[in-house]
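See below for my_file28.cif, which holds mmCIF, C-alpha atoms.
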```cif
data_work
loop_
_atom_site.label_atom_id
_atom_site.label_comp_id
_atom_site.auth_asym_id
_atom_site.auth_seq_id
_atom_site.Cartn_x
_atom_site.Cartn_y
_atom_site.Cartn_z
CA MET A 1323 27.45 -7.74 -7.12
CA MET A 1324 24.10 -6.16 -7.94
CA PRO A 1325 21.40 -7.17 -5.47
CA HIS A 1326 18.61 -9.34 -6.82
CA ALA A 1327 15.63 -7.07 -7.63
CA ILE A 1328 12.05 -8.08 -6.83
CA LYS A 1329 9.28 -6.44 -8.80
CA ALA A 1330 5.86 -5.91 -7.20
CA GLU A 1331 2.71 -7.29 -8.84
CA PRO A 1332 -0.93 -6.42 -8.04
CA LEU A 1333 -2.36 -8.21 -5.00
CA THR A 1334 -5.02 -10.75 -5.95
CA ARG A 1335 -6.60 -13.50 -3.87
CA SER A 1336 -5.35 -16.27 -6.12
CA ALA A 1337 -1.78 -14.97 -6.37
CA PHE A 1338 -1.54 -14.53 -2.60
CA ALA A 1339 -3.31 -17.80 -1.69
CA PRO A 1340 -0.09 -19.74 -0.94
CA PHE A 1341 0.73 -17.16 1.75
CA GLY A 1342 -2.64 -16.53 3.41
CA ASP A 1343 -5.85 -14.56 2.91
CA THR A 1344 -6.49 -11.40 0.92
CA ILE A 1345 -8.96 -9.11 2.70
CA ASP A 1346 -10.89 -7.44 -0.10
CA MET A 1347 -14.28 -7.46 -1.78
CA ALA A 1348 -13.22 -8.90 -5.14
CA ASN A 1349 -15.19 -11.93 -6.35
CA ILE A 1350 -17.20 -12.25 -3.13
CA ALA A 1351 -21.01 -12.15 -3.27
CA PRO A 1352 -22.09 -9.80 -0.46
CA LYS A 1353 -25.07 -10.04 1.85
CA HIS A 1354 -27.27 -6.95 1.81
CA ILE A 1355 -27.74 -5.78 5.39
CA ASN A 1356 -28.61 -2.73 7.50
CA GLN A 1357 -31.91 -1.99 5.75
CA GLY A 1358 -30.11 -1.79 2.42
CA PHE A 1359 -27.46 0.65 3.61
CA ALA A 1360 -24.56 -1.81 3.65
CA ASP A 1361 -23.13 -4.86 1.89
CA ARG A 1362 -21.34 -7.46 3.99
CA PHE A 1363 -18.45 -9.55 2.62
CA ASP A 1364 -18.07 -12.40 5.08
CA GLY A 1365 -15.51 -15.00 6.08
CA LEU A 1366 -12.45 -13.30 4.59
CA ALA A 1367 -9.72 -14.59 6.88
CA ASN A 1368 -8.72 -17.63 8.90
CA VAL A 1369 -7.76 -16.13 12.27
CA ASP A 1370 -5.58 -19.00 13.46
CA VAL A 1371 -4.25 -17.98 16.88
CA ALA A 1372 -5.38 -20.64 19.39
CA ALA A 1373 -2.20 -22.78 19.24
CA GLY A 1374 -0.31 -23.07 22.53
CA GLY A 1375 -2.96 -21.27 24.57
CA GLY A 1376 -3.10 -18.21 22.32
CA ALA A 1377 -5.91 -15.67 22.03
CA VAL A 1378 -6.84 -12.89 19.61
CA ASN A 1379 -4.87 -9.65 19.95
CA VAL A 1380 -6.14 -6.45 18.33
CA SER A 1381 -3.52 -3.74 17.75
CA LEU A 1382 -2.86 -0.62 15.76
CA PHE A 1383 0.47 -0.06 14.01
CA HIS A 1384 1.67 3.41 13.14
CA ALA A 1385 4.25 2.92 10.42
CA ARG A 1386 6.84 5.07 8.67
CA PRO A 1387 8.26 4.58 5.17
CA ARG A 1388 11.75 3.20 4.66
CA PRO A 1389 14.27 4.98 2.45
CA ALA A 1390 14.07 3.99 -1.23
CA PRO A 1391 15.32 1.78 -2.72
CA ILE A 1392 14.04 -0.62 -0.06
CA ASP A 1393 16.76 -3.11 0.84
CA ILE A 1394 15.49 -6.37 2.26
CA LEU A 1395 17.57 -7.04 5.35
CA LEU A 1396 15.44 -9.54 7.22
CA MET A 1397 12.33 -11.67 6.99
CA GLU A 1398 10.14 -12.94 9.83
CA ARG A 1399 7.42 -15.50 10.52
CA HIS A 1400 5.06 -16.45 13.33
CA PRO A 1401 4.97 -20.19 14.07
CA LEU A 1402 2.01 -19.97 16.48
CA GLY A 1403 -0.41 -17.62 14.77
CA SER A 1404 -1.74 -15.85 11.73
CA GLN A 1405 -1.28 -12.08 11.43
CA LEU A 1406 -3.78 -9.79 9.69
CA PHE A 1407 -3.03 -6.25 8.41
CA VAL A 1408 -5.69 -3.84 7.16
CA PRO A 1409 -4.85 -0.25 6.14
CA MET A 1410 -6.88 2.64 7.56
CA GLN A 1411 -6.21 5.44 5.04
CA ASP A 1412 -7.11 4.14 1.58
CA ARG A 1413 -3.58 4.43 0.22
CA PRO A 1414 -1.51 1.70 -1.44
CA TRP A 1415 1.07 -0.27 0.52
CA LEU A 1416 3.43 -3.19 -0.05
CA VAL A 1417 3.47 -6.87 0.84
CA LEU A 1418 6.62 -8.99 0.56
CA VAL A 1419 6.62 -12.75 1.21
CA CYS A 1420 8.74 -15.76 0.35
CA ALA A 1421 8.81 -19.52 0.66
CA ASP A 1422 12.46 -19.55 1.80
CA PRO A 1423 14.33 -16.40 2.83
CA LEU A 1424 17.59 -17.84 1.51
CA ASP A 1425 16.15 -18.56 -1.95
CA ALA A 1426 15.92 -15.27 -3.89
CA SER A 1427 13.72 -16.87 -6.54
CA SER A 1428 11.03 -17.69 -3.95
CA TYR A 1429 10.20 -14.05 -3.13
CA ARG A 1430 6.92 -12.40 -4.23
CA ALA A 1431 6.09 -8.73 -3.81
CA PHE A 1432 2.53 -7.36 -4.07
CA TRP A 1433 1.05 -3.92 -4.41
CA ALA A 1434 -1.95 -3.75 -2.10
CA SER A 1435 -4.50 -1.01 -2.67
CA GLY A 1436 -5.84 1.00 0.26
CA ALA A 1437 -8.94 -1.21 0.11
CA GLN A 1438 -6.96 -4.43 0.56
CA GLY A 1439 -5.53 -6.15 3.59
CA VAL A 1440 -3.75 -9.46 4.04
CA ASN A 1441 -3.71 -12.21 6.65
CA TYR A 1442 -0.37 -14.02 6.72
CA ALA A 1443 -0.91 -17.69 7.51
CA ARG A 1444 1.10 -19.29 10.32
CA ASN A 1445 4.74 -19.86 9.40
CA VAL A 1446 4.61 -17.73 6.26
CA TRP A 1447 7.79 -15.70 5.84
CA HIS A 1448 7.04 -12.00 5.38
CA HIS A 1449 8.76 -8.67 5.61
CA PRO A 1450 7.81 -6.25 8.39
CA LEU A 1451 5.15 -3.70 7.35
CA LEU A 1452 6.11 -1.65 4.25
CA VAL A 1453 4.32 1.66 3.76
CA LEU A 1454 4.73 4.50 1.30
CA ASP A 1455 3.24 7.41 3.25
CA ALA A 1456 4.47 9.14 6.36
CA GLU A 1457 1.28 8.69 8.35
CA SER A 1458 0.18 5.11 7.90
CA ARG A 1459 -2.07 3.30 10.34
CA PHE A 1460 -3.03 -0.36 10.19
CA LEU A 1461 -5.34 -2.56 12.19
CA ILE A 1462 -3.63 -5.82 13.19
CA VAL A 1463 -5.33 -9.02 14.31
CA ASP A 1464 -2.83 -11.57 15.57
CA ARG A 1465 -1.98 -13.75 18.57
CA VAL A 1466 -1.20 -13.05 22.20
CA GLY A 1467 -0.16 -15.88 24.48
CA PRO A 1468 2.68 -18.01 25.81
CA GLY A 1469 5.52 -19.34 23.69
CA ASN A 1470 7.91 -17.91 21.12
CA ASN A 1471 5.86 -16.70 18.16
CA LEU A 1472 8.60 -14.85 16.28
CA GLU A 1473 11.36 -16.18 14.03
CA GLU A 1474 13.62 -13.80 12.14
CA ILE A 1475 16.25 -14.39 9.49
CA GLU A 1476 18.78 -11.68 8.73
CA LEU A 1477 20.06 -11.65 5.18
CA ASP A 1478 23.77 -11.16 4.71
CA GLU A 1479 25.40 -9.15 1.91
CA SER A 1480 25.51 -12.06 -0.53
CA GLN A 1481 21.74 -12.62 -0.16
CA ARG A 1482 20.75 -8.97 -0.26
CA LEU A 1483 17.56 -8.15 -2.19
CA THR A 1484 16.03 -4.88 -3.36
CA LEU A 1485 12.36 -4.15 -3.81
CA GLN A 1486 11.67 -2.46 -7.14
CA LEU A 1487 8.76 -0.01 -7.03
CA MET B 1449 -44.56 15.65 18.71
CA MET B 1450 -40.96 16.61 17.99
CA PRO B 1451 -38.67 13.59 18.06
CA HIS B 1452 -36.11 13.48 20.83
CA ALA B 1453 -32.79 14.74 19.43
CA ILE B 1454 -29.47 13.11 20.31
CA LYS B 1455 -26.32 15.18 19.95
CA ALA B 1456 -23.02 13.51 19.08
CA GLU B 1457 -19.97 13.95 21.32
CA PRO B 1458 -16.33 13.10 20.51
CA LEU B 1459 -15.43 9.42 20.92
CA THR B 1460 -13.08 8.83 23.84
CA ARG B 1461 -12.08 5.59 25.54
CA SER B 1462 -13.52 6.63 28.88
CA ALA B 1463 -16.83 7.89 27.50
CA PHE B 1464 -17.32 4.72 25.45
CA ALA B 1465 -16.13 2.29 28.15
CA PRO B 1466 -19.65 1.24 29.27
CA PHE B 1467 -20.32 0.03 25.72
CA GLY B 1468 -17.05 -1.66 24.75
CA ASP B 1469 -13.57 -0.82 23.49
CA THR B 1470 -12.31 2.19 21.57
CA ILE B 1471 -9.71 1.22 18.96
CA ASP B 1472 -7.34 4.16 18.85
CA MET B 1473 -3.84 5.20 19.88
CA ALA B 1474 -4.80 7.74 22.53
CA ASN B 1475 -3.17 7.28 25.95
CA ILE B 1476 -1.51 3.98 25.01
CA ALA B 1477 2.27 3.61 25.31
CA PRO B 1478 3.42 1.94 22.09
CA LYS B 1479 6.13 -0.64 21.58
CA HIS B 1480 8.74 0.39 19.02
CA ILE B 1481 9.04 -2.41 16.46
CA ASN B 1482 10.15 -3.14 12.89
CA GLN B 1483 13.67 -1.72 13.27
CA GLY B 1484 12.20 1.60 14.37
CA PHE B 1485 9.82 1.95 11.43
CA ALA B 1486 6.60 1.26 13.37
CA ASP B 1487 4.92 1.78 16.74
CA ARG B 1488 2.63 -0.95 18.00
CA PHE B 1489 -0.41 -0.21 20.21
CA ASP B 1490 -1.39 -3.55 21.67
CA GLY B 1491 -4.37 -5.19 23.35
CA LEU B 1492 -7.02 -2.72 22.18
CA ALA B 1493 -10.10 -4.94 22.12
CA ASN B 1494 -11.67 -7.88 23.87
CA VAL B 1495 -12.71 -10.14 20.99
CA ASP B 1496 -15.37 -12.12 22.85
CA VAL B 1497 -16.83 -14.57 20.33
CA ALA B 1498 -16.31 -18.10 21.73
CA ALA B 1499 -19.74 -18.42 23.43
CA GLY B 1500 -21.93 -21.24 22.11
CA GLY B 1501 -19.24 -22.67 19.84
CA GLY B 1502 -18.47 -19.39 18.08
CA ALA B 1503 -15.32 -18.45 16.18
CA VAL B 1504 -13.79 -15.24 14.82
CA ASN B 1505 -15.33 -13.90 11.59
CA VAL B 1506 -13.49 -11.28 9.54
CA SER B 1507 -15.65 -9.25 7.13
CA LEU B 1508 -15.68 -6.07 5.13
CA PHE B 1509 -18.75 -3.79 5.11
CA HIS B 1510 -19.36 -1.39 2.27
CA ALA B 1511 -21.74 1.20 3.66
CA ARG B 1512 -23.83 4.03 2.24
CA PRO B 1513 -24.98 7.16 4.10
CA ARG B 1514 -28.60 7.52 5.25
CA PRO B 1515 -30.63 10.60 4.38
CA ALA B 1516 -30.27 13.45 6.88
CA PRO B 1517 -31.68 14.04 9.41
CA ILE B 1518 -30.97 10.48 10.52
CA ASP B 1519 -34.09 8.97 12.11
CA ILE B 1520 -33.39 6.15 14.52
CA LEU B 1521 -35.81 3.38 13.59
CA LEU B 1522 -34.22 0.37 15.22
CA MET B 1523 -31.44 -0.75 17.51
CA GLU B 1524 -29.70 -4.13 17.62
CA ARG B 1525 -27.45 -6.21 19.84
CA HIS B 1526 -25.50 -9.45 19.69
CA PRO B 1527 -25.99 -11.72 22.70
CA LEU B 1528 -23.25 -14.18 21.72
CA GLY B 1529 -20.40 -12.00 20.58
CA SER B 1530 -18.56 -8.70 20.44
CA GLN B 1531 -18.46 -6.79 17.15
CA LEU B 1532 -15.53 -4.61 16.07
CA PHE B 1533 -15.67 -1.88 13.39
CA VAL B 1534 -12.58 -0.10 12.02
CA PRO B 1535 -12.84 2.44 9.17
CA MET B 1536 -10.56 2.11 6.12
CA GLN B 1537 -10.61 5.63 4.64
CA ASP B 1538 -9.60 8.07 7.39
CA ARG B 1539 -12.93 9.89 7.43
CA PRO B 1540 -15.21 10.52 10.41
CA TRP B 1541 -18.20 8.29 11.11
CA LEU B 1542 -20.88 7.90 13.76
CA VAL B 1543 -21.50 5.56 16.66
CA LEU B 1544 -24.88 5.36 18.41
CA VAL B 1545 -25.45 3.18 21.49
CA CYS B 1546 -27.91 2.98 24.38
CA ALA B 1547 -28.52 1.13 27.60
CA ASP B 1548 -32.21 0.59 26.82
CA PRO B 1549 -33.72 1.26 23.38
CA LEU B 1550 -37.01 2.31 24.96
CA ASP B 1551 -35.39 4.91 27.23
CA ALA B 1552 -34.53 7.98 25.15
CA SER B 1553 -32.35 9.38 27.93
CA SER B 1554 -30.04 6.33 27.77
CA TYR B 1555 -28.78 7.01 24.23
CA ARG B 1556 -25.23 8.25 23.53
CA ALA B 1557 -23.93 9.30 20.13
CA PHE B 1558 -20.21 9.61 19.32
CA TRP B 1559 -18.25 11.18 16.51
CA ALA B 1560 -15.47 8.76 15.63
CA SER B 1561 -12.51 10.06 13.62
CA GLY B 1562 -11.16 8.12 10.68
CA ALA B 1563 -8.41 6.88 12.99
CA GLN B 1564 -10.85 5.39 15.52
CA GLY B 1565 -12.76 2.14 15.61
CA VAL B 1566 -15.02 0.59 18.23
CA ASN B 1567 -15.66 -2.90 19.54
CA TYR B 1568 -19.23 -3.26 20.85
CA ALA B 1569 -19.27 -5.58 23.84
CA ARG B 1570 -21.72 -8.51 23.87
CA ASN B 1571 -25.30 -7.42 24.46
CA VAL B 1572 -24.61 -3.71 23.94
CA TRP B 1573 -27.44 -2.05 22.02
CA HIS B 1574 -26.14 -0.18 18.98
CA HIS B 1575 -27.37 1.25 15.73
CA PRO B 1576 -26.34 -0.36 12.44
CA LEU B 1577 -23.28 1.29 10.85
CA LEU B 1578 -23.67 5.06 10.27
CA VAL B 1579 -21.41 6.65 7.68
CA LEU B 1580 -21.19 10.11 6.16
CA ASP B 1581 -19.48 9.38 2.84
CA ALA B 1582 -20.73 7.49 -0.17
CA GLU B 1583 -17.83 5.08 -0.34
CA SER B 1584 -17.21 3.81 3.16
CA ARG B 1585 -15.45 0.55 3.91
CA PHE B 1586 -15.00 -0.98 7.34
CA LEU B 1587 -13.19 -4.03 8.65
CA ILE B 1588 -15.43 -6.05 10.97
CA VAL B 1589 -14.30 -8.65 13.51
CA ASP B 1590 -17.24 -10.50 15.03
CA ARG B 1591 -18.62 -13.99 15.62
CA VAL B 1592 -19.61 -16.84 13.33
CA GLY B 1593 -21.26 -19.94 14.78
CA PRO B 1594 -24.46 -21.62 15.87
CA GLY B 1595 -27.27 -19.89 17.74
CA ASN B 1596 -29.19 -16.65 17.36
CA ASN B 1597 -26.73 -13.79 17.73
CA LEU B 1598 -29.02 -10.93 16.66
CA GLU B 1599 -31.74 -9.10 18.59
CA GLU B 1600 -33.46 -6.08 17.07
CA ILE B 1601 -35.91 -3.59 18.51
CA GLU B 1602 -37.94 -1.41 16.18
CA LEU B 1603 -38.91 1.96 17.59
CA ASP B 1604 -42.47 3.10 17.01
CA GLU B 1605 -43.55 6.68 16.28
CA SER B 1606 -43.86 7.65 19.93
CA GLN B 1607 -40.25 6.55 20.62
CA ARG B 1608 -38.74 8.04 17.48
CA LEU B 1609 -35.31 9.68 17.87
CA THR B 1610 -33.24 11.89 15.59
CA LEU B 1611 -29.48 12.10 15.45
CA GLN B 1612 -28.29 15.71 15.44
CA LEU B 1613 -25.08 16.23 13.47
#
```
Let me see whether you can do it: turn the structure in this file into structure tokens.
Amino acid sequence: MMPHAIKAEPLTRSAFAPFGDTIDMANIAPKHINQGFADRFDGLANVDVAAGGGAVNVSLFHARPRPAPIDILLMERHPLGSQLFVPMQDRPWLVLVCADPLDASSYRAFWASGAQGVNYARNVWHHPLLVLDAESRFLIVDRVGPGNNLEEIELDESQRLTLQL
Amino acid sequence: MMPHAIKAEPLTRSAFAPFGDTIDMANIAPKHINQGFADRFDGLANVDVAAGGGAVNVSLFHARPRPAPIDILLMERHPLGSQLFVPMQDRPWLVLVCADPLDASSYRAFWASGAQGVNYARNVWHHPLLVLDAESRFLIVDRVGPGNNLEEIELDESQRLTLQL
């Protein structure tokens, strides 16, 4: 059986809205600050990490690309906190989310530019970080605190999906 | 009178410690995550924004370079919250801080690489964002909420400083 193929679409705020926040400058009116030397685009993400005694955790991820074609073997979600990813090298990367890991038709894949980040809302199923370049760094803003904040679902052969680039 | 010149030094965690956190991977033991496809460097910044009913604010800044030589005309600080800056294009930028804006000997300037961010601690005097390239984007994590969270000091002619690149 051929695996179900998911085709990536461009990341836009409206398309990604069911899954969380898009961190980019599109369609936001900036404030002009710093004596005219900067524009500020405010209020881009709902950092939702206080549940169960949680606090903000700031991390860096150093990620490596997966062999192509990318087979989707598992999905994960965080029941206690949002999780924000912003790229640090102005190169495109990939975002894969779904409403239900066992429903192939519920998957959405997005091309993010190097100027775009995302903030997965609590409980949104997403794939671990997907990068295209060998040296890829991301800033992460998520939750630290007590409780189990990770759920994973492994997909078996009959549910196997492939990400089409 | 020649203005006092400040020379930039490389940004390191220990040198910057009196002013806040350095967001980089140096000297941090990562966790290996994502089925071996990423390393995670955790707990890099103290996001200190809850004072006076504050919450986390996520923003993007789009910054433009200032004419060289860079004259230091004002310094600012945030009494109610930390402020984190992470670059999004892997190009060097500049960090300028001081203990007392009116004491020229208390200034420190740092070259940050494109893989380094900083988190200014509450009440740390710093210069507005200083970039070297025309198209510079940064992710900012700071405070939104009631109260006055900005103090500025303008430097007059006799206190004027220049940043030496």
Inset, instruction - Using only C-alpha atoms, pick whichever of B:Ala1557, B:Ala1493, B:Leu1587, B:Ala1477 has the shortest atom-to-atom distance to Ala1453 in chain B. - result: B:Ala1557
Inset, instruction - Please measure the separation of CA of Ala1516 in chain B and CA of Leu1611 in chain B, giving the value in Å to one decimal. - result: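 Taking CA of Ala1516 in chain B and CA of Leu1611 in chain B, their separation equals 8.7 Å.
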Legend entry - Residue hits in chain A, query chain B, radius 10 Å, all atoms listed in the file, as a PyMOL selection string: chain A and resi 1345-1347+1352-1370+1377-1388+1406+1408-1413+1436-1439+1449-1453+1458-1463+1466
Chain fit of chain A to chain B, all Cα atoms, as a compact mmCIF listing (two decimals) with C-alpha atoms, in the coordinates of the input:
```txt
# COMPACT_ATOMS: atom_id res chain seq x y z
CA MET A 1323 -44.58 15.65 18.78
CA MET A 1324 -40.98 16.59 18.01
CA PRO A 1325 -38.68 13.57 18.08
CA HIS A 1326 -36.11 13.48 20.86
CA ALA A 1327 -32.78 14.75 19.44
CA ILE A 1328 -29.46 13.11 20.31
CA LYS A 1329 -26.33 15.18 19.95
CA ALA A 1330 -23.02 13.50 19.08
CA GLU A 1331 -19.96 13.95 21.30
CA PRO A 1332 -16.32 13.10 20.50
CA LEU A 1333 -15.43 9.42 20.91
CA THR A 1334 -13.07 8.83 23.83
CA ARG A 1335 -12.08 5.59 25.54
CA SER A 1336 -13.50 6.62 28.89
CA ALA A 1337 -16.82 7.88 27.51
CA PHE A 1338 -17.33 4.72 25.46
CA ALA A 1339 -16.12 2.28 28.15
CA PRO A 1340 -19.63 1.24 29.28
CA PHE A 1341 -20.31 0.03 25.73
CA GLY A 1342 -17.04 -1.66 24.74
CA ASP A 1343 -13.56 -0.83 23.47
CA THR A 1344 -12.31 2.20 21.56
CA ILE A 1345 -9.71 1.22 18.96
CA ASP A 1346 -7.33 4.17 18.84
CA MET A 1347 -3.85 5.19 19.89
CA ALA A 1348 -4.80 7.75 22.55
CA ASN A 1349 -3.17 7.28 25.96
CA ILE A 1350 -1.52 3.98 25.03
CA ALA A 1351 2.27 3.62 25.34
CA PRO A 1352 3.42 1.94 22.11
CA LYS A 1353 6.12 -0.64 21.58
CA HIS A 1354 8.73 0.39 19.02
CA ILE A 1355 9.04 -2.40 16.46
CA ASN A 1356 10.14 -3.12 12.89
CA GLN A 1357 13.65 -1.70 13.28
CA GLY A 1358 12.19 1.62 14.38
CA PHE A 1359 9.82 1.94 11.45
CA ALA A 1360 6.61 1.28 13.38
CA ASP A 1361 4.93 1.77 16.75
CA ARG A 1362 2.62 -0.96 18.01
CA PHE A 1363 -0.41 -0.21 20.22
CA ASP A 1364 -1.39 -3.56 21.68
CA GLY A 1365 -4.37 -5.20 23.35
CA LEU A 1366 -7.02 -2.72 22.20
CA ALA A 1367 -10.09 -4.94 22.12
CA ASN A 1368 -11.68 -7.89 23.88
CA VAL A 1369 -12.71 -10.15 20.99
CA ASP A 1370 -15.37 -12.12 22.85
CA VAL A 1371 -16.83 -14.57 20.33
CA ALA A 1372 -16.31 -18.10 21.73
CA ALA A 1373 -19.73 -18.42 23.43
CA GLY A 1374 -21.92 -21.23 22.09
CA GLY A 1375 -19.24 -22.67 19.83
CA GLY A 1376 -18.47 -19.38 18.07
CA ALA A 1377 -15.32 -18.45 16.17
CA VAL A 1378 -13.81 -15.24 14.81
CA ASN A 1379 -15.33 -13.90 11.59
CA VAL A 1380 -13.49 -11.28 9.53
CA SER A 1381 -15.64 -9.26 7.12
CA LEU A 1382 -15.69 -6.07 5.13
CA PHE A 1383 -18.74 -3.80 5.10
CA HIS A 1384 -19.36 -1.40 2.26
CA ALA A 1385 -21.74 1.19 3.65
CA ARG A 1386 -23.84 4.03 2.26
CA PRO A 1387 -25.00 7.16 4.09
CA ARG A 1388 -28.60 7.52 5.24
CA PRO A 1389 -30.64 10.60 4.38
CA ALA A 1390 -30.26 13.45 6.88
CA PRO A 1391 -31.67 14.03 9.40
CA ILE A 1392 -30.98 10.46 10.51
CA ASP A 1393 -34.08 8.98 12.11
CA ILE A 1394 -33.41 6.16 14.53
CA LEU A 1395 -35.82 3.40 13.60
CA LEU A 1396 -34.24 0.37 15.22
CA MET A 1397 -31.44 -0.75 17.51
CA GLU A 1398 -29.71 -4.13 17.60
CA ARG A 1399 -27.44 -6.21 19.84
CA HIS A 1400 -25.49 -9.45 19.68
CA PRO A 1401 -25.99 -11.70 22.72
CA LEU A 1402 -23.25 -14.18 21.74
CA GLY A 1403 -20.39 -11.99 20.59
CA SER A 1404 -18.56 -8.71 20.44
CA GLN A 1405 -18.46 -6.79 17.15
CA LEU A 1406 -15.53 -4.61 16.07
CA PHE A 1407 -15.66 -1.87 13.39
CA VAL A 1408 -12.59 -0.11 12.01
CA PRO A 1409 -12.83 2.43 9.16
CA MET A 1410 -10.55 2.10 6.13
CA GLN A 1411 -10.60 5.63 4.65
CA ASP A 1412 -9.59 8.06 7.40
CA ARG A 1413 -12.92 9.89 7.42
CA PRO A 1414 -15.19 10.51 10.41
CA TRP A 1415 -18.18 8.29 11.09
CA LEU A 1416 -20.87 7.90 13.75
CA VAL A 1417 -21.50 5.56 16.66
CA LEU A 1418 -24.88 5.35 18.40
CA VAL A 1419 -25.46 3.19 21.49
CA CYS A 1420 -27.90 2.99 24.37
CA ALA A 1421 -28.52 1.14 27.60
CA ASP A 1422 -32.22 0.61 26.81
CA PRO A 1423 -33.71 1.27 23.38
CA LEU A 1424 -37.02 2.30 24.95
CA ASP A 1425 -35.39 4.90 27.23
CA ALA A 1426 -34.54 7.99 25.14
CA SER A 1427 -32.36 9.39 27.92
CA SER A 1428 -30.05 6.35 27.77
CA TYR A 1429 -28.79 7.03 24.22
CA ARG A 1430 -25.23 8.25 23.51
CA ALA A 1431 -23.94 9.31 20.11
CA PHE A 1432 -20.21 9.62 19.31
CA TRP A 1433 -18.24 11.17 16.51
CA ALA A 1434 -15.46 8.75 15.62
CA SER A 1435 -12.51 10.06 13.63
CA GLY A 1436 -11.17 8.09 10.68
CA ALA A 1437 -8.41 6.87 13.00
CA GLN A 1438 -10.85 5.39 15.51
CA GLY A 1439 -12.76 2.14 15.61
CA VAL A 1440 -15.02 0.60 18.23
CA ASN A 1441 -15.67 -2.90 19.55
CA TYR A 1442 -19.22 -3.26 20.85
CA ALA A 1443 -19.27 -5.58 23.85
CA ARG A 1444 -21.72 -8.50 23.88
CA ASN A 1445 -25.31 -7.41 24.47
CA VAL A 1446 -24.61 -3.71 23.94
CA TRP A 1447 -27.43 -2.04 22.02
CA HIS A 1448 -26.13 -0.18 18.97
CA HIS A 1449 -27.38 1.26 15.73
CA PRO A 1450 -26.35 -0.35 12.44
CA LEU A 1451 -23.28 1.29 10.84
CA LEU A 1452 -23.67 5.06 10.26
CA VAL A 1453 -21.40 6.64 7.67
CA LEU A 1454 -21.20 10.10 6.15
CA ASP A 1455 -19.49 9.37 2.83
CA ALA A 1456 -20.73 7.48 -0.18
CA GLU A 1457 -17.82 5.07 -0.36
CA SER A 1458 -17.20 3.81 3.14
CA ARG A 1459 -15.45 0.55 3.90
CA PHE A 1460 -15.00 -0.99 7.33
CA LEU A 1461 -13.20 -4.03 8.64
CA ILE A 1462 -15.43 -6.06 10.98
CA VAL A 1463 -14.29 -8.65 13.51
CA ASP A 1464 -17.23 -10.50 15.03
CA ARG A 1465 -18.63 -13.99 15.60
CA VAL A 1466 -19.62 -16.84 13.33
CA GLY A 1467 -21.24 -19.93 14.79
CA PRO A 1468 -24.45 -21.63 15.87
CA GLY A 1469 -27.25 -19.89 17.73
CA ASN A 1470 -29.19 -16.65 17.35
CA ASN A 1471 -26.74 -13.78 17.73
CA LEU A 1472 -29.02 -10.93 16.65
CA GLU A 1473 -31.73 -9.09 18.58
CA GLU A 1474 -33.46 -6.08 17.06
CA ILE A 1475 -35.91 -3.59 18.51
CA GLU A 1476 -37.96 -1.42 16.19
CA LEU A 1477 -38.91 1.96 17.59
CA ASP A 1478 -42.46 3.10 17.03
CA GLU A 1479 -43.54 6.68 16.30
CA SER A 1480 -43.84 7.66 19.96
CA GLN A 1481 -40.24 6.57 20.63
CA ARG A 1482 -38.74 8.06 17.49
CA LEU A 1483 -35.31 9.69 17.88
CA THR A 1484 -33.24 11.90 15.59
CA LEU A 1485 -29.48 12.10 15.45
CA GLN A 1486 -28.28 15.70 15.45
CA LEU A 1487 -25.07 16.23 13.46
```
Legend entry - Non-local contacts of Leu1396 in chain A (10 Å; only C-alpha atoms; under 5 positions in same chain excluded) as number ranges by chain: A: 1423, 1447-1450, 1474-1478, 1482-1483
As a check of understanding, name the residues that the PyMOL selection byres ((chain A and resi 1419) around 12) selects in the supplied structure, as a tab-separated table (two decimals) with C-alpha atoms, in the coordinates of the input.
```
chain	number	residue	atom	x	y	z
A	1328	ILE	CA	12.05	-8.08	-6.83
A	1330	ALA	CA	5.86	-5.91	-7.20
A	1333	LEU	CA	-2.36	-8.21	-5.00
A	1337	ALA	CA	-1.78	-14.97	-6.37
A	1338	PHE	CA	-1.54	-14.53	-2.60
A	1339	ALA	CA	-3.31	-17.80	-1.69
A	1340	PRO	CA	-0.09	-19.74	-0.94
A	1341	PHE	CA	0.73	-17.16	1.75
A	1342	GLY	CA	-2.64	-16.53	3.41
A	1394	ILE	CA	15.49	-6.37	2.26
A	1396	LEU	CA	15.44	-9.54	7.22
A	1397	MET	CA	12.33	-11.67	6.99
A	1398	GLU	CA	10.14	-12.94	9.83
A	1399	ARG	CA	7.42	-15.50	10.52
A	1416	LEU	CA	3.43	-3.19	-0.05
A	1417	VAL	CA	3.47	-6.87	0.84
A	1418	LEU	CA	6.62	-8.99	0.56
A	1420	CYS	CA	8.74	-15.76	0.35
A	1421	ALA	CA	8.81	-19.52	0.66
A	1422	ASP	CA	12.46	-19.55	1.80
A	1423	PRO	CA	14.33	-16.40	2.83
A	1425	ASP	CA	16.15	-18.56	-1.95
A	1426	ALA	CA	15.92	-15.27	-3.89
A	1427	SER	CA	13.72	-16.87	-6.54
A	1428	SER	CA	11.03	-17.69	-3.95
A	1429	TYR	CA	10.20	-14.05	-3.13
A	1430	ARG	CA	6.92	-12.40	-4.23
A	1431	ALA	CA	6.09	-8.73	-3.81
A	1432	PHE	CA	2.53	-7.36	-4.07
A	1433	TRP	CA	1.05	-3.92	-4.41
A	1440	VAL	CA	-3.75	-9.46	4.04
A	1441	ASN	CA	-3.71	-12.21	6.65
A	1442	TYR	CA	-0.37	-14.02	6.72
A	1443	ALA	CA	-0.91	-17.69	7.51
A	1445	ASN	CA	4.74	-19.86	9.40
A	1446	VAL	CA	4.61	-17.73	6.26
A	1447	TRP	CA	7.79	-15.70	5.84
A	1448	HIS	CA	7.04	-12.00	5.38
A	1449	HIS	CA	8.76	-8.67	5.61
A	1450	PRO	CA	7.81	-6.25	8.39
A	1451	LEU	CA	5.15	-3.70	7.35
A	1452	LEU	CA	6.11	-1.65	4.25
A	1485	LEU	CA	12.36	-4.15	-3.81
```
